[in-house]
$ cat coords10.cif   # mmCIF, C-alpha atoms
data_final
loop_
_atom_site.label_atom_id
_atom_site.label_comp_id
_atom_site.auth_asym_id
_atom_site.auth_seq_id
_atom_site.Cartn_x
_atom_site.Cartn_y
_atom_site.Cartn_z
CA VAL A 176 65.82 32.99 160.72
CA TYR A 177 66.65 29.57 159.24
CA THR A 178 66.77 26.40 161.28
CA GLN A 179 68.42 23.13 160.40
CA THR A 180 66.18 21.30 157.92
CA VAL A 181 66.50 17.83 156.45
CA ILE A 182 64.35 17.18 153.37
CA GLU A 183 63.39 13.55 152.80
CA GLU A 184 63.60 12.67 149.12
CA LYS A 185 63.76 9.52 147.02
CA PRO A 186 67.13 7.74 147.35
CA TRP A 187 69.36 8.72 144.46
CA ASN A 188 70.71 6.23 141.92
CA ARG A 189 73.87 7.67 140.39
CA VAL A 190 73.84 7.50 136.57
CA TRP A 191 76.41 10.03 135.41
CA GLU A 192 80.05 9.37 134.75
CA SER A 193 82.47 12.04 135.85
CA PRO A 194 85.76 12.30 133.90
CA GLU A 195 87.70 11.67 137.15
CA PRO A 196 85.14 10.31 139.63
CA THR A 197 87.74 9.94 142.41
CA TRP A 198 88.35 13.69 142.40
CA SER A 199 86.07 16.01 144.34
CA ILE A 200 85.56 18.31 141.33
CA THR A 201 86.16 17.50 137.67
CA CYS A 202 85.26 19.66 134.68
CA ASP A 203 84.75 18.75 131.03
CA THR A 204 85.88 21.88 129.16
CA ALA A 205 86.57 20.28 125.76
CA HIS A 206 83.45 21.64 124.08
CA PHE A 207 83.13 24.88 122.12
CA GLU A 208 79.80 25.99 123.61
CA TYR A 209 79.72 24.61 127.14
CA ASP A 210 81.60 23.45 130.22
CA LEU A 211 80.20 20.78 132.51
CA CYS A 212 81.56 20.42 136.03
CA TYR A 213 80.91 17.44 138.31
CA LEU A 214 81.04 17.81 142.08
CA ASN A 215 81.45 14.16 143.00
CA ARG A 216 81.32 14.46 146.78
CA PRO A 217 78.85 16.01 149.23
CA THR A 218 78.34 19.52 147.98
CA VAL A 219 77.69 22.70 149.95
CA VAL A 220 76.03 25.56 148.06
CA ASP A 221 76.29 29.06 149.52
CA PRO A 222 74.02 31.27 147.40
CA THR A 223 75.18 34.46 149.12
CA THR A 224 78.70 34.06 147.74
CA ALA A 225 77.81 32.05 144.59
CA THR A 226 80.17 29.31 145.80
CA LEU A 227 79.90 25.53 145.68
CA SER A 228 82.24 23.40 147.75
CA ALA A 229 83.00 19.69 147.49
CA VAL A 230 85.67 18.79 150.03
CA ASP A 231 87.87 15.72 149.68
CA PRO A 232 87.87 14.26 153.23
CA THR A 233 91.06 12.29 152.51
CA ASN A 234 92.95 15.33 151.19
CA SER A 235 94.19 13.06 148.40
CA THR A 236 93.50 15.60 145.67
CA PRO A 237 95.12 19.02 145.39
CA PRO A 238 93.01 21.98 146.52
CA MET A 239 91.42 23.80 143.61
CA VAL A 240 89.30 26.83 142.77
CA ILE A 241 87.40 26.89 139.48
CA LYS A 242 85.45 29.82 138.05
CA THR A 243 82.62 28.96 135.68
CA ARG A 244 79.63 30.57 134.01
CA PRO A 245 77.02 27.80 133.60
CA TYR A 246 75.42 28.87 130.32
CA PRO A 247 75.95 26.88 127.09
CA ARG A 248 77.17 29.72 124.89
CA LYS A 249 80.73 30.15 126.11
CA GLY A 250 81.88 31.08 122.60
CA GLN A 251 79.81 34.28 122.81
CA PRO A 252 81.41 36.90 125.09
CA GLU A 253 78.20 38.97 125.14
CA ALA A 254 76.27 36.03 126.53
CA MET A 255 78.93 35.30 129.14
CA LYS A 256 78.86 38.91 130.36
CA ARG A 257 75.19 38.37 131.21
CA THR A 258 75.84 35.10 133.03
CA LYS A 259 76.65 34.98 136.74
CA GLU A 260 80.06 33.56 137.60
CA LEU A 261 80.16 30.72 140.11
CA THR A 262 83.11 29.57 142.20
CA LEU A 263 83.72 25.84 142.65
CA THR A 264 86.19 24.88 145.34
CA THR A 265 87.49 21.88 147.24
CA SER A 266 88.11 24.05 150.29
CA PRO A 267 85.54 23.96 153.09
CA LEU A 268 83.18 26.91 153.41
CA ASN A 269 82.75 28.91 156.58
CA THR A 270 79.08 27.98 156.79
CA SER A 271 76.95 25.02 157.83
CA CYS A 272 74.07 23.29 156.10
CA THR A 273 70.72 24.96 156.67
CA VAL A 274 68.85 22.64 154.30
CA THR A 275 70.11 19.11 153.61
CA HIS A 276 68.87 17.24 150.53
CA SER A 277 69.17 13.57 149.62
CA THR A 278 68.83 14.38 145.91
CA PRO A 279 71.65 15.77 143.70
CA ALA A 280 71.58 19.27 142.25
CA LEU A 281 71.87 20.63 138.73
CA VAL A 282 72.99 24.26 138.77
CA PHE A 283 72.74 26.43 135.67
CA SER A 284 72.06 29.98 134.48
CA ALA A 285 68.96 31.47 132.89
CA GLY A 286 70.98 34.55 131.91
CA GLY A 287 72.94 35.07 128.70
CA PHE A 288 70.58 35.72 125.82
CA THR A 289 67.49 34.59 127.76
CA GLY A 290 64.54 36.82 126.90
CA ASN A 291 64.70 36.00 123.20
CA VAL A 292 62.50 32.92 122.76
CA PHE A 293 64.95 31.27 120.36
CA HIS A 294 67.71 31.50 122.97
CA ASP A 295 65.29 30.51 125.74
CA PHE A 296 65.04 27.14 124.00
CA ASN A 297 68.40 26.84 122.25
CA GLU A 298 70.49 27.59 125.34
CA GLY A 299 67.87 26.80 127.95
CA TRP A 300 65.18 24.18 127.59
CA VAL A 301 66.82 21.97 124.97
CA PRO A 302 70.16 21.74 126.85
CA LEU A 303 68.24 21.19 130.09
CA PHE A 304 66.33 18.36 128.40
CA LEU A 305 69.62 16.78 127.30
CA THR A 306 71.37 17.15 130.64
CA VAL A 307 68.52 15.86 132.79
CA ASP A 308 67.81 12.97 130.45
CA GLU A 309 71.42 11.81 130.36
CA HIS A 310 72.45 12.33 133.98
CA PHE A 311 69.39 11.85 136.19
CA VAL A 312 66.85 9.08 136.67
CA ASP A 313 63.13 9.84 136.68
CA ARG A 314 63.64 13.63 137.00
CA ASP A 315 65.09 13.08 140.46
CA VAL A 316 67.18 16.25 140.50
CA ILE A 317 66.92 19.63 142.19
CA LEU A 318 67.37 22.58 139.86
CA GLY A 319 69.37 25.48 141.27
CA ILE A 320 69.15 28.45 138.95
CA VAL A 321 71.12 31.73 138.79
CA ASN A 322 70.06 34.76 136.73
CA CYS A 323 66.59 33.47 137.52
CA SER A 324 64.12 36.24 136.62
CA ASP A 325 60.56 36.24 137.95
CA TRP A 326 59.11 36.77 134.45
CA TRP A 327 61.00 33.70 133.18
CA MET A 328 59.68 31.55 136.03
CA ILE A 329 56.13 32.73 135.30
CA LYS A 330 56.34 32.40 131.51
CA TYR A 331 57.60 28.82 131.60
CA ALA A 332 55.89 27.69 134.81
CA GLU A 333 54.20 24.68 133.17
CA LEU A 334 57.53 23.20 132.04
CA PHE A 335 59.43 22.81 135.30
CA SER A 336 57.59 19.73 136.53
CA HIS A 337 58.62 17.92 133.33
CA PHE A 338 62.29 18.30 134.28
CA THR A 339 62.24 17.84 138.04
CA ARG A 340 60.00 16.39 140.75
CA HIS A 341 61.25 18.92 143.29
CA PRO A 342 60.81 22.64 143.97
CA ILE A 343 63.09 25.01 142.08
CA ILE A 344 65.77 26.89 144.03
CA ASN A 345 66.24 30.45 142.85
CA LEU A 346 69.85 30.97 143.87
CA ASP A 347 69.61 34.73 143.25
CA LYS A 348 67.10 35.10 146.09
CA GLU A 349 68.05 32.22 148.35
CA LYS A 350 69.97 33.02 151.55
CA ALA A 351 70.12 29.59 153.14
CA THR A 352 73.04 27.21 152.62
CA HIS A 353 71.93 24.02 150.84
CA CYS A 354 73.76 20.69 150.95
CA PHE A 355 73.49 17.93 148.33
CA PRO A 356 75.03 14.45 147.92
CA SER A 357 76.63 15.71 144.67
CA ALA A 358 76.00 18.25 141.91
CA ILE A 359 76.50 19.06 138.26
CA VAL A 360 77.13 22.66 137.21
CA GLY A 361 76.29 23.63 133.64
CA LEU A 362 74.18 22.37 130.72
CA LYS A 363 75.32 20.44 127.68
CA THR A 364 74.32 21.15 124.09
CA HIS A 365 74.64 19.21 120.85
CA GLY A 366 74.42 22.32 118.67
CA VAL A 367 71.77 24.68 117.35
CA MET A 368 68.30 23.32 118.15
CA ILE A 369 69.36 19.69 118.02
CA VAL A 370 69.19 16.61 120.19
CA ASP A 371 71.62 14.21 118.54
CA PRO A 372 70.95 10.54 119.33
CA THR A 373 74.47 9.57 118.21
CA LEU A 374 75.98 11.64 121.03
CA GLN A 375 73.95 10.01 123.82
CA ARG A 376 75.17 7.09 125.91
CA GLY A 377 71.89 5.81 127.29
CA PRO A 378 69.90 2.85 125.95
CA HIS A 379 67.05 5.08 124.74
CA PRO A 380 68.56 8.05 122.85
CA LYS A 381 66.30 11.04 122.30
CA THR A 382 65.69 13.49 119.44
CA MET A 383 63.95 16.85 119.01
CA VAL A 384 60.74 14.86 118.50
CA ASP A 385 60.95 13.98 122.20
CA VAL A 386 61.37 17.66 123.09
CA ARG A 387 58.25 18.44 121.09
CA ALA A 388 56.40 15.63 122.87
CA LEU A 389 57.40 17.08 126.23
CA LEU A 390 56.01 20.48 125.19
CA ALA A 391 52.77 18.83 124.10
CA SER A 392 52.52 17.08 127.45
CA ALA A 393 53.03 20.39 129.27
CA TYR A 394 50.79 22.63 127.17
CA ASN A 395 48.26 20.43 125.38
CA THR A 396 44.71 21.81 125.40
CA ASN A 397 41.88 20.74 123.13
CA TYR A 398 41.31 23.54 120.58
CA SER A 399 37.51 23.69 121.05
CA THR A 400 37.99 23.82 124.82
CA TYR A 401 40.44 26.65 124.31
CA ILE A 402 37.91 28.62 122.20
CA ASN A 403 35.22 28.24 124.86
CA THR A 404 37.66 29.33 127.57
CA LYS A 405 38.54 32.48 125.65
CA LYS A 406 34.86 33.41 125.49
CA THR A 407 34.52 33.43 129.26
CA ASN A 408 35.24 36.34 131.56
CA ASP A 409 38.40 34.68 132.84
CA PRO A 410 40.84 37.63 133.22
CA ILE A 411 43.72 35.49 131.99
CA HIS A 412 42.03 35.41 128.58
CA SER A 413 40.24 38.74 128.67
CA GLY A 414 43.20 40.89 127.61
CA ARG A 415 43.57 42.53 131.01
CA ALA A 416 46.22 40.14 132.20
CA SER A 417 47.70 38.81 128.98
CA HIS A 418 47.90 39.14 125.22
CA VAL A 419 44.90 37.49 123.55
CA LEU A 420 45.48 35.49 120.37
CA PRO A 421 43.02 35.25 117.46
CA THR A 422 40.98 32.14 116.65
CA PHE A 423 40.15 30.39 113.39
CA SER A 424 36.68 30.73 111.90
CA SER A 425 36.50 27.54 109.82
CA THR A 426 36.84 23.84 110.50
CA SER A 427 36.59 22.81 106.84
CA LYS A 428 39.65 24.62 105.48
CA PRO A 429 43.34 24.11 106.29
CA ARG A 430 44.24 26.56 109.05
CA LEU A 431 47.19 28.91 108.48
CA ALA A 432 48.74 30.85 111.39
CA PHE A 433 50.50 33.95 110.02
CA LEU A 434 53.17 35.28 112.38
CA ASN A 435 53.45 39.06 112.14
CA ARG A 436 56.51 41.04 113.30
CA ARG A 437 56.26 44.61 114.57
CA ASP A 438 59.90 45.53 115.23
CA THR A 439 62.47 44.43 112.64
CA ARG A 440 62.11 42.37 109.47
CA LYS A 441 58.50 43.52 109.14
CA LEU A 442 56.35 42.29 106.27
CA LEU A 443 55.23 45.63 104.84
CA ASN A 444 52.39 44.23 102.72
CA GLU A 445 51.05 41.79 105.30
CA ALA A 446 47.38 42.48 104.40
CA GLU A 447 48.04 41.76 100.71
CA ILE A 448 49.80 38.49 101.51
CA ARG A 449 47.01 37.46 103.87
CA ARG A 450 44.48 37.95 101.07
CA ALA A 451 46.65 35.83 98.78
CA ALA A 452 46.65 33.02 101.36
CA GLU A 453 42.88 33.23 101.70
CA GLU A 454 42.46 33.16 97.92
CA VAL A 455 44.53 29.98 97.81
CA GLY A 456 42.06 28.38 100.22
CA PHE A 457 43.45 28.81 103.75
CA ASP A 458 41.54 29.93 106.81
CA VAL A 459 44.03 32.56 107.99
CA VAL A 460 44.66 34.21 111.34
CA VAL A 461 47.41 36.78 111.85
CA PHE A 462 49.00 36.65 115.28
CA GLU A 463 51.76 38.44 117.14
CA VAL A 464 53.83 37.28 120.08
CA ALA A 465 53.97 39.76 122.96
CA PRO A 466 55.93 39.42 126.22
CA LYS A 467 52.74 38.49 128.08
CA THR A 468 51.41 36.02 125.52
CA PRO A 469 50.83 32.78 127.48
CA MET A 470 52.86 29.91 126.10
CA ARG A 471 49.88 27.56 126.51
CA ASP A 472 47.78 29.83 124.26
CA LEU A 473 50.51 29.90 121.63
CA PHE A 474 50.79 26.13 121.76
CA THR A 475 47.03 25.69 121.41
CA LEU A 476 46.83 28.04 118.42
CA LEU A 477 49.73 26.43 116.55
CA ASN A 478 48.99 22.85 117.58
CA GLY A 479 45.57 23.40 116.02
CA SER A 480 47.05 24.82 112.79
CA HIS A 481 47.93 23.00 109.60
CA ALA A 482 50.49 25.58 108.46
CA MET A 483 52.50 28.54 109.73
CA VAL A 484 54.07 31.42 107.80
CA GLY A 485 56.51 34.01 109.13
CA VAL A 486 59.52 36.14 108.33
CA HIS A 487 62.80 34.78 109.70
CA GLY A 488 63.17 35.63 113.38
CA ALA A 489 62.88 34.33 116.93
CA GLY A 490 59.10 33.95 116.73
CA LEU A 491 59.58 31.00 114.37
CA THR A 492 60.88 29.06 117.37
CA HIS A 493 57.20 28.41 118.02
CA GLU A 494 57.29 25.96 115.11
CA LEU A 495 58.01 23.56 117.98
CA PHE A 496 54.27 23.83 118.70
CA LEU A 497 53.20 22.63 115.23
CA ARG A 498 52.19 19.00 114.92
CA PRO A 499 54.46 16.69 112.89
CA GLY A 500 53.18 16.83 109.30
CA ALA A 501 52.19 20.51 109.44
CA VAL A 502 53.79 23.02 107.07
CA LEU A 503 56.26 25.79 107.90
CA VAL A 504 56.88 28.55 105.35
CA GLN A 505 59.83 30.76 106.27
CA ILE A 506 60.24 34.09 104.49
CA ILE A 507 64.01 34.62 104.29
CA PRO A 508 65.32 38.21 103.96
CA ILE A 509 68.44 38.73 101.85
CA ASN A 510 71.72 37.49 103.28
CA THR A 511 70.08 35.61 106.14
CA GLY A 512 69.67 32.26 104.39
CA TRP A 513 72.46 30.53 106.31
CA LEU A 514 70.93 31.66 109.62
CA ALA A 515 67.40 30.74 108.54
CA ASP A 516 68.60 27.27 107.58
CA MET A 517 70.56 26.69 110.79
CA CYS A 518 67.95 27.96 113.24
CA TYR A 519 64.57 27.03 111.75
CA ALA A 520 64.75 25.02 108.51
CA LYS A 521 66.74 22.14 109.99
CA LEU A 522 64.62 22.21 113.13
CA ALA A 523 61.48 21.85 110.99
CA ILE A 524 62.87 18.68 109.42
CA ARG A 525 63.96 17.30 112.80
CA ILE A 526 60.45 17.56 114.26
CA GLY A 527 58.72 16.19 111.16
CA LEU A 528 57.35 19.34 109.53
CA GLU A 529 56.96 20.02 105.82
CA TYR A 530 59.35 22.92 105.19
CA ILE A 531 59.20 25.58 102.46
CA GLY A 532 61.72 28.43 102.28
CA TYR A 533 60.91 31.63 100.39
CA GLU A 534 64.09 33.58 99.64
CA VAL A 535 63.41 37.29 99.32
CA GLY A 536 64.78 38.97 96.19
CA ILE A 537 66.77 42.19 96.40
CA HIS A 538 63.81 44.14 94.97
CA GLU A 539 61.61 42.83 97.77
CA SER A 540 63.92 44.18 100.49
CA THR A 541 64.30 47.68 101.90
CA LEU A 542 68.03 47.22 101.22
CA GLU A 543 67.33 47.44 97.49
CA ALA A 544 69.14 50.80 97.26
CA ASP A 545 72.13 49.69 99.35
CA ASP A 546 75.06 49.14 96.97
CA PHE A 547 76.92 46.82 99.35
CA ALA A 548 73.83 44.66 99.89
CA VAL A 549 73.22 44.45 96.15
CA GLN A 550 76.83 43.36 95.61
CA GLN A 551 76.56 40.76 98.38
CA VAL A 552 73.46 39.26 96.79
CA SER A 553 75.03 39.24 93.31
CA ASP A 554 78.49 37.88 94.12
CA PRO A 555 79.50 34.55 95.70
CA HIS A 556 80.48 35.14 99.30
CA ASP A 557 80.49 33.69 102.78
CA PRO A 558 77.50 35.39 104.45
CA ALA A 559 78.21 33.88 107.87
CA SER A 560 81.66 35.44 108.23
CA THR A 561 80.45 38.64 106.56
CA LEU A 562 77.71 39.12 109.14
CA MET A 563 79.27 37.63 112.25
CA GLY A 564 82.53 39.52 111.78
CA ASN A 565 80.92 42.92 111.40
CA LEU A 566 78.18 44.10 113.76
CA THR A 567 77.31 47.02 111.48
CA LEU A 568 76.49 44.58 108.69
CA TRP A 569 74.72 42.29 111.14
CA TYR A 570 72.32 45.01 112.24
CA LYS A 571 71.85 46.18 108.65
CA TYR A 572 70.59 42.79 107.53
CA MET A 573 68.71 42.01 110.72
CA GLU A 574 66.84 45.34 110.57
CA GLN A 575 65.72 45.19 106.94
CA ASP A 576 62.01 45.00 106.13
CA VAL A 577 60.45 43.14 103.22
CA LYS A 578 57.62 43.74 100.77
CA ILE A 579 57.25 40.48 98.92
CA ASP A 580 55.79 39.91 95.46
CA PRO A 581 52.27 38.51 96.03
CA VAL A 582 52.18 36.77 92.64
CA ARG A 583 55.49 35.00 93.23
CA PHE A 584 54.69 34.19 96.86
CA LYS A 585 51.29 32.81 95.91
CA ARG A 586 53.03 29.94 94.11
CA TYR A 587 54.67 29.00 97.43
CA LEU A 588 51.35 29.33 99.22
CA LYS A 589 49.75 26.90 96.76
CA ARG A 590 52.44 24.33 97.53
CA ALA A 591 51.88 24.89 101.24
CA TYR A 592 48.12 24.56 100.77
CA GLU A 593 48.43 21.20 99.00
CA LYS A 594 50.69 19.87 101.76
CA ALA A 595 48.38 21.26 104.46
CA LYS A 596 45.35 19.61 102.83
CA ILE A 597 47.09 16.25 102.87
CA PHE A 598 48.02 16.74 106.52
CA MET A 599 44.47 17.82 107.38
CA HIS A 600 43.05 14.71 105.69
CA LYS A 601 45.47 12.42 107.54
CA GLN A 602 44.57 14.07 110.83
CA SER A 603 40.85 13.63 110.22
CA LEU A 604 41.40 9.91 109.56
CA PHE A 605 43.51 9.64 112.69
CA ASP A 606 40.87 11.45 114.79
CA GLN A 607 38.18 9.01 113.58
CA ARG A 608 40.09 6.00 114.89
#

$ encode --input "coords10.cif" --output "structure tokens"
Amino acid sequence: VYTQTVIEEKPWNRVWESPEPTWSITCDTAHFEYDLCYLNRPTVVDPTTATLSAVDPTNSTPPMVIKTRPYPRKGQPEAMKRTKELTLTTSPLNTSCTVTHSTPALVFSAGGFTGNVFHDFNEGWVPLFLTVDEHFVDRDVILGIVNCSDWWMIKYAELFSHFTRHPIINLDKEKATHCFPSAIVGLKTHGVMIVDPTLQRGPHPKTMVDVRALLASAYNTNYSTYINTKKTNDPIHSGRASHVLPTFSSTSKPRLAFLNRRDTRKLLNEAEIRRAAEEVGFDVVVFEVAPKTPMRDLFTLLNGSHAMVGVHGAGLTHELFLRPGAVLVQIIPINTGWLADMCYAKLAIRIGLEYIGYEVGIHESTLEADDFAVQQVSDPHDPASTLMGNLTLWYKYMEQDVKIDPVRFKRYLKRAYEKAKIFMHKQSLFDQR
């Protein structure tokens, strides 16, 4: 049984600009990937009906009902199907405030394509970073989340305090009616894995470097401390509760973290390529990302690396954990170059990595015997429209495996090694300061 509760919070200083601030509800729907709705008056949130109400006490604006799905991928019907629909209305609700807040709310969805780490960041944490930074002062905002899975809350637990100073409200489980001085519904995005300073109105525009810095603040652990922790009987690191990552054996060689895939786009001669990397001079560990792999452990492994290699796929999102100056080598299966560039190559440049792309040849792909794939590789074409307009082709290319030429790839590894050595030397000088 709920009783009337008033939560004392820091007085709110309004910083956002609604398109029509005199209206109770205004929505910016001009963007391809997202809608952003502003509830400019005291807002009542009824989680049981997924309804938010902002009543105009003067009745000077026409009554309205707006349906929205607060996930920044509105151009993707599949994502929207997995996103809870919310109702925004200027009509009063038949309920009273159980909990009254003095801080505004930001309501969004952790549905859509959440569960794939690339989408977790591209449609989740990066847009949240943008929206909070632009519209709220000093993280003084209450996050109300729909499609809020327990596993997601646990996996990213360390991040929440870097976006808000208040407890999270899981609107899927909440039964009480919450009241706020105002609210924003939705998250904004600047595009694929980008924080564009030219699109920000504040005096201190941000970039993806600031996102990386936030992750470092949340996850940073000294590598030697991490190694000692893994050697203890702590069940979190013992393999009983989570997936344990490997550790490097040398401190004198550049450290290369080799991301291995076990489902699609597998590297069929992974052991051969690992030996090639070791022959070049790297200290190599091969790691996999499992659902229970702690994000802090992944950060510590990669933050302590000088280079990372992996086949194109969501796991490369963890390049965000590499330090600026480290090297990323992306192995690019045939007909995925445009996607590899958009999702990971450009991100590498934005966060200050040295980027090397290895484009797989047709004879290095399991699609070598596929006549259509051979033709696509040989002839000029538009791979984006070819793949995105045909799901059969999409799955064909996304499910190919690769067996890369170790002699050819070794030339790329040598380039990566030289860059990693330079980075390692610079880091040693920095650490001595």

$ closest_residue --input "coords10.cif" --among "A:Lys259, A:Lys350, A:His487, A:Arg314" --to "Tyr519 in chain A" --atoms "only C-alpha atoms"
A:His487

$ resolve_selection --input "coords10.cif" --expression "the PyMOL selection byres ((chain A and resi 316) around 8)" --output "ChimeraX atom specification"
/A:278-281,307,311,314-315,317-318,339-341

$ residues_around --input "coords10.cif" --residues "Asp371 in chain A" --least-positions-apart "4" --cutoff "8 Å" --atoms "only C-alpha atoms" --output "mmCIF file with C-alpha atoms, in the frame of the given file"
data_model
loop_
_atom_site.group_PDB
_atom_site.id
_atom_site.type_symbol
_atom_site.label_atom_id
_atom_site.label_comp_id
_atom_site.auth_asym_id
_atom_site.auth_seq_id
_atom_site.Cartn_x
_atom_site.Cartn_y
_atom_site.Cartn_z
ATOM 1 C CA HIS A 365 74.640 19.210 120.850
ATOM 2 C CA GLN A 375 73.950 10.010 123.820
ATOM 3 C CA LYS A 381 66.300 11.040 122.300
ATOM 4 C CA THR A 382 65.690 13.490 119.440
#

$ closest_residue --input "coords10.cif" --among "A:Arg437, A:Arg450, A:Lys521, A:His337" --to "Ile369 in chain A" --atoms "only C-alpha atoms"
A:Lys521

$ resolve_selection --input "coords10.cif" --expression "the PyMOL selection byres ((chain A and resi 586) around 12)" --output "ChimeraX atom specification"
/A:448,451-452,454-455,504,531,533,580-585,587-593

$ residues_around --input "coords10.cif" --residues "range 540-550 of chain A" --least-positions-apart "4" --cutoff "10 Å" --atoms "only C-alpha atoms" --output "list in words"
Arg440, Leu442, Leu443, Pro508, Ile509, Asn510, Val535, Gly536, Asp554, Pro555, His556, Leu568, Lys571, Tyr572, Glu574, Gln575, Asp576, Val577, Lys578 and Ile579 of chain A

$ resolve_selection --input "coords10.cif" --expression "the PyMOL selection byres ((chain A and resi 420-429) around 8)" --output "list of chain:residue names"
A:Ile402, A:His418, A:Val419, A:Arg430, A:Leu431, A:Gly456, A:Phe457, A:Asp458, A:Val459, A:Val460, A:Val461, A:Phe462, A:Glu463, A:Thr468, A:Asp472, A:Leu473, A:Leu476, A:Ser480, A:His481, A:Ala482, A:Tyr592, A:Ala595, A:Lys596, A:Met599

$ write_last_selection --input "coords10.cif" --atoms "C-alpha atoms" --output "PDB file, in the frame of the given file"
ATOM      1  CA  ILE A 402      37.910  28.620 122.200  1.00  0.00           C
ATOM      2  CA  HIS A 418      47.900  39.140 125.220  1.00  0.00           C
ATOM      3  CA  VAL A 419      44.900  37.490 123.550  1.00  0.00           C
ATOM      4  CA  ARG A 430      44.240  26.560 109.050  1.00  0.00           C
ATOM      5  CA  LEU A 431      47.190  28.910 108.480  1.00  0.00           C
ATOM      6  CA  GLY A 456      42.060  28.380 100.220  1.00  0.00           C
ATOM      7  CA  PHE A 457      43.450  28.810 103.750  1.00  0.00           C
ATOM      8  CA  ASP A 458      41.540  29.930 106.810  1.00  0.00           C
ATOM      9  CA  VAL A 459      44.030  32.560 107.990  1.00  0.00           C
ATOM     10  CA  VAL A 460      44.660  34.210 111.340  1.00  0.00           C
ATOM     11  CA  VAL A 461      47.410  36.780 111.850  1.00  0.00           C
ATOM     12  CA  PHE A 462      49.000  36.650 115.280  1.00  0.00           C
ATOM     13  CA  GLU A 463      51.760  38.440 117.140  1.00  0.00           C
ATOM     14  CA  THR A 468      51.410  36.020 125.520  1.00  0.00           C
ATOM     15  CA  ASP A 472      47.780  29.830 124.260  1.00  0.00           C
ATOM     16  CA  LEU A 473      50.510  29.900 121.630  1.00  0.00           C
ATOM     17  CA  LEU A 476      46.830  28.040 118.420  1.00  0.00           C
ATOM     18  CA  SER A 480      47.050  24.820 112.790  1.00  0.00           C
ATOM     19  CA  HIS A 481      47.930  23.000 109.600  1.00  0.00           C
ATOM     20  CA  ALA A 482      50.490  25.580 108.460  1.00  0.00           C
ATOM     21  CA  TYR A 592      48.120  24.560 100.770  1.00  0.00           C
ATOM     22  CA  ALA A 595      48.380  21.260 104.460  1.00  0.00           C
ATOM     23  CA  LYS A 596      45.350  19.610 102.830  1.00  0.00           C
ATOM     24  CA  MET A 599      44.470  17.820 107.380  1.00  0.00           C
TER      25      MET A 599
END

$ residues_near_point --input "coords10.cif" --point "(71.4, 11.5, 120.3)" --cutoff "12 Å" --atoms "all atoms listed in the file" --output "list in words"
Phe304, Leu305, Thr306, Asp308, Glu309, Thr364, His365, Gly366, Ile369, Val370, Asp371, Pro372, Thr373, Leu374, Gln375, Arg376, Gly377, Pro378, His379, Pro380, Lys381, Thr382, Met383, Val384 and Asp385 of chain A

$ atom_distance --input "coords10.cif" --atom1 "CA of Leu497 in chain A" --atom2 "CA of Leu477 in chain A"
5.3 Å

$ residues_around --input "coords10.cif" --residues "range 235-244 of chain A" --least-positions-apart "4" --cutoff "12 Å" --atoms "all atoms listed in the file" --output "NGL selection string"
:A and (195-204 or 208-214 or 225-231 or 248-252 or 254-267 or 282-287 or 320-322 or 359-362)

$ atom_distance --input "coords10.cif" --atom1 "CA of Thr223 in chain A" --atom2 "CA of Met328 in chain A"
20.5 Å

$ closest_residue --input "coords10.cif" --among "A:Ser336, A:Ser277, A:Asn565, A:Thr492" --to "Ile526 in chain A" --atoms "only C-alpha atoms"
A:Thr492

$ atom_distance --input "coords10.cif" --atom1 "CA of Glu539 in chain A" --atom2 "CA of Asp516 in chain A"
19.7 Å

$ closest_residue --input "coords10.cif" --among "A:Gly319, A:Pro302, A:Pro499, A:Pro247" --to "Phe288 in chain A" --atoms "only C-alpha atoms"
A:Pro247

$ axis_aligned_box --input "coords10.cif" --around "range 439-451 of chain A" --padding-each-side "6 Å" --output "AutoDock Vina command-line options"
--center_x 53.5 --center_y 40.7 --center_z 105.7 --size_x 30.0 --size_y 21.8 --size_z 25.9
